[in-house]
Amino acid sequence: MTVHLVGAGPGDPGLITVRGLELIRRCEAIVYDDLVSDELVDEAPADALRISRRGMKQAAVNDLIVELGLQGLDVVRLKGGDPFVFGRGGEEALVLAAAGIEFDVVAGVSAMASVPGSFLIPITHRGVSAQVTLVSGQSAFGDDLPLETLAKAPGTLVVFMGLGRLDAVAAGLITHGRDASTPAAVISNGTLPNEKIVTGTLRDIAARAATEDLPSPALFVVGDVIAVGDYVESVRVSNRPGVAAS
């Protein structure tokens, strides 16, 4: 009996790892997150038990994967992104270990770099950003969010699940010293066909995003690397065949 904590990647089903896809194709049970694509779930064998975690609290998910593991099934716990990047994979690993169930972790492509990368934004770039700070906007928000520390952190800031508090984050960063003209971007449904980006500065990004009515999931990126992405795109466009040099 084995439970595999598998990262499905940021959205595009083609971004799952080869190892992850192999495990899905031979599993006996699959427990999957809401944001996992139907195409990946459909890769499971026809007779595999398929369970969506929709509506389940984390404690119920923990109990479920332990129960399935104790039944001796080969289980894939399919999680969006990477299991250990704001995916609660550590919590699930702990309960499996406590229950004496064999498990492994199969890394997934995290939204951290792949979602900005889909719009040519490198989260690190020589001479621009040599550091990346990650924070979860959903679980860490409130009085405990260290906005003063985040405002002073060099390099690129990437906020997961922060769309609902975008205005508060941007304003808080400015209040604590981050330059209001710092480039910022909000990327919704990154790597999917309907992905969309809104760019601006810390001063106006919340207002710009509000006019677009962006759906979740969305990633909030702050830093000069966004300007690098804009420049890369402009160079690419100017060098396409048939585009006259300016």
# chains A, B, ... in the order shown; residues from 1 in each chain; ligands from 1
call {"tool": "residues_around", "arguments": {"residues": "A:Thr2", "least_positions_apart": "2", "cutoff": "6 Å", "atoms": "only C-alpha atoms", "output": "list in words"}}
result
Asp74, Glu102 and Phe103 of chain A
call {"tool": "residues_around", "arguments": {"residues": "A:Ser216", "least_positions_apart": "6", "cutoff": "8 Å", "atoms": "only C-alpha atoms", "output": "PDB file with C-alpha atoms, in the first residue's frame"}}
result
ATOM      1  CA  MET A 161      -4.174  33.369  -3.176  1.00  0.00           C
ATOM      2  CA  LEU A 163      -6.718  38.362  -4.996  1.00  0.00           C
ATOM      3  CA  SER A 188      -5.372  34.873 -13.286  1.00  0.00           C
ATOM      4  CA  ASN A 189      -5.709  31.243 -14.442  1.00  0.00           C
TER       5      ASN A 189
END
call {"tool": "residues_around", "arguments": {"residues": "A:Val158", "least_positions_apart": "6", "cutoff": "8 Å", "atoms": "only C-alpha atoms", "output": "NGL selection string"}}
result
:A and (112 or 132-135 or 219-222)
call {"tool": "atom_distance", "arguments": {"atom1": "atom CA of A:Ser238", "atom2": "atom CA of A:Ile226"}}
result
18.7 Å
call {"tool": "residues_around", "arguments": {"residues": "A:Ala209", "least_positions_apart": "5", "cutoff": "8 Å", "atoms": "only C-alpha atoms", "output": "NGL selection string"}}
result
:A and (186 or 198 or 214)
call {"tool": "select_by_dssp", "arguments": {"residues": "stretch 100-210 of chain A", "states": "strand (DSSP E)", "output": "list in words"}}
result
Phe103, Asp104, Val105, Val106, Val132, Thr133, Leu134, Val135, Ser136, Thr156, Leu157, Val158, Val159, Phe160, Pro183, Ala184, Ala185, Val186, Ile187, Ser188, Lys196, Ile197, Val198, Thr199, Gly200 and Thr201 of chain A
call {"tool": "closest_residue", "arguments": {"among": "A:Asp34, A:Asp47, A:Glu28, A:Asp224", "to": "A:His125", "atoms": "only C-alpha atoms"}}
result
A:Asp224
call {"tool": "select_by_dssp", "arguments": {"residues": "stretch 81-226 of chain A", "states": "helix (DSSP H, G or I)", "output": "ChimeraX atom specification"}}
result
/A:89-98,111-117,147-152,163-175,205-212,225-226
call {"tool": "write_last_selection", "arguments": {"atoms": "C-alpha atoms", "output": "compact mmCIF listing (two decimals), in the first residue's frame"}}
result
# COMPACT_ATOMS: atom_id res chain seq x y z
CA GLY A 89 1.46 18.34 1.54
CA GLY A 90 3.44 18.48 4.75
CA GLU A 91 0.28 18.03 6.82
CA GLU A 92 -0.77 15.03 4.76
CA ALA A 93 2.70 13.51 4.97
CA LEU A 94 2.59 13.82 8.77
CA VAL A 95 -0.74 12.01 9.14
CA LEU A 96 0.37 9.24 6.79
CA ALA A 97 3.62 8.80 8.69
CA ALA A 98 1.75 8.71 12.01
CA ALA A 111 2.83 28.40 -9.94
CA MET A 112 5.56 30.45 -8.25
CA ALA A 113 7.69 30.62 -11.42
CA SER A 114 5.58 28.96 -14.12
CA VAL A 115 2.66 31.38 -13.96
CA PRO A 116 4.78 34.56 -14.27
CA GLY A 117 6.90 32.70 -16.81
CA LEU A 147 3.77 43.66 5.60
CA GLU A 148 6.59 45.72 7.08
CA THR A 149 9.02 42.86 6.51
CA LEU A 150 7.66 42.13 3.03
CA ALA A 151 7.93 45.77 2.05
CA LYS A 152 11.63 45.77 2.90
CA LEU A 163 -6.72 38.36 -5.00
CA GLY A 164 -9.38 39.13 -2.40
CA ARG A 165 -6.98 41.32 -0.39
CA LEU A 166 -5.05 42.84 -3.27
CA ASP A 167 -5.88 46.41 -2.30
CA ALA A 168 -4.83 45.85 1.31
CA VAL A 169 -1.54 44.23 0.31
CA ALA A 170 -0.57 46.93 -2.15
CA ALA A 171 -1.51 49.74 0.24
CA GLY A 172 0.26 48.04 3.14
CA LEU A 173 3.46 47.58 1.18
CA ILE A 174 3.44 51.27 0.24
CA THR A 175 2.70 52.33 3.82
CA ILE A 205 -2.68 47.62 -9.54
CA ALA A 206 -5.71 46.98 -7.34
CA ALA A 207 -7.86 49.45 -9.29
CA ARG A 208 -6.68 48.05 -12.62
CA ALA A 209 -7.40 44.47 -11.55
CA ALA A 210 -10.84 45.42 -10.22
CA THR A 211 -11.93 46.71 -13.63
CA GLU A 212 -11.11 43.32 -15.18
CA VAL A 225 11.25 41.70 -13.04
CA ILE A 226 7.87 42.62 -14.51
call {"tool": "closest_residue", "arguments": {"among": "A:Leu35, A:Ile30, A:Ala227, A:Val159", "to": "A:Thr199", "atoms": "only C-alpha atoms"}}
result
A:Ala227
call {"tool": "residues_around", "arguments": {"residues": "A:Asp33", "least_positions_apart": "2", "cutoff": "12 Å", "atoms": "only C-alpha atoms", "output": "mmCIF file with C-alpha atoms, in the first residue's frame"}}
result
data_model
loop_
_atom_site.group_PDB
_atom_site.id
_atom_site.type_symbol
_atom_site.label_atom_id
_atom_site.label_comp_id
_atom_site.auth_asym_id
_atom_site.auth_seq_id
_atom_site.Cartn_x
_atom_site.Cartn_y
_atom_site.Cartn_z
ATOM 1 C CA LEU A 5 1.368 12.926 -2.913
ATOM 2 C CA VAL A 6 1.565 14.153 -6.509
ATOM 3 C CA GLY A 7 1.816 17.715 -7.755
ATOM 4 C CA ALA A 8 -0.397 18.306 -10.792
ATOM 5 C CA GLY A 9 1.299 21.562 -11.777
ATOM 6 C CA PRO A 10 -0.155 25.073 -12.128
ATOM 7 C CA GLY A 11 -3.120 24.312 -14.379
ATOM 8 C CA ILE A 30 -7.298 9.110 -6.864
ATOM 9 C CA VAL A 31 -8.194 11.979 -4.543
ATOM 10 C CA LEU A 35 -8.217 23.058 -9.541
ATOM 11 C CA VAL A 36 -6.807 19.872 -11.048
ATOM 12 C CA SER A 37 -7.753 19.510 -14.705
ATOM 13 C CA ASP A 38 -10.334 16.920 -15.747
ATOM 14 C CA LEU A 40 -5.493 14.480 -15.654
ATOM 15 C CA VAL A 41 -8.203 12.819 -13.585
ATOM 16 C CA ARG A 50 -12.207 8.768 -8.062
ATOM 17 C CA ILE A 51 -12.886 11.185 -5.224
ATOM 18 C CA SER A 52 -13.018 14.969 -5.459
ATOM 19 C CA ARG A 53 -12.033 16.799 -2.307
ATOM 20 C CA ARG A 54 -14.572 19.522 -3.082
ATOM 21 C CA GLY A 55 -16.310 20.619 0.094
ATOM 22 C CA MET A 56 -13.959 18.646 2.335
ATOM 23 C CA LYS A 57 -12.061 20.264 5.172
ATOM 24 C CA GLN A 58 -8.394 19.349 5.399
ATOM 25 C CA VAL A 61 -8.992 14.763 3.467
ATOM 26 C CA VAL A 76 -2.691 9.154 -5.808
ATOM 27 C CA ARG A 77 -3.411 12.302 -3.855
ATOM 28 C CA LEU A 78 -3.385 14.762 -6.747
ATOM 29 C CA LYS A 79 -2.706 18.314 -5.642
ATOM 30 C CA GLY A 80 -2.508 21.563 -7.589
ATOM 31 C CA GLY A 81 0.966 22.992 -8.107
ATOM 32 C CA PRO A 83 2.489 19.501 -2.757
ATOM 33 C CA GLY A 87 -0.322 22.719 -0.809
ATOM 34 C CA ARG A 88 -0.596 21.277 2.718
#
call {"tool": "atom_distance", "arguments": {"atom1": "atom CA of A:Ala99", "atom2": "atom CA of A:Glu67"}}
result
9.6 Å
call {"tool": "closest_residue", "arguments": {"among": "A:Pro13, A:Gly108, A:Gly137, A:Pro183", "to": "A:Asp204", "atoms": "only C-alpha atoms"}}
result
A:Pro183
call {"tool": "closest_residue", "arguments": {"among": "A:Glu233, A:Asp82, A:Asp213, A:Glu43", "to": "A:Ala29", "atoms": "only C-alpha atoms"}}
result
A:Glu43
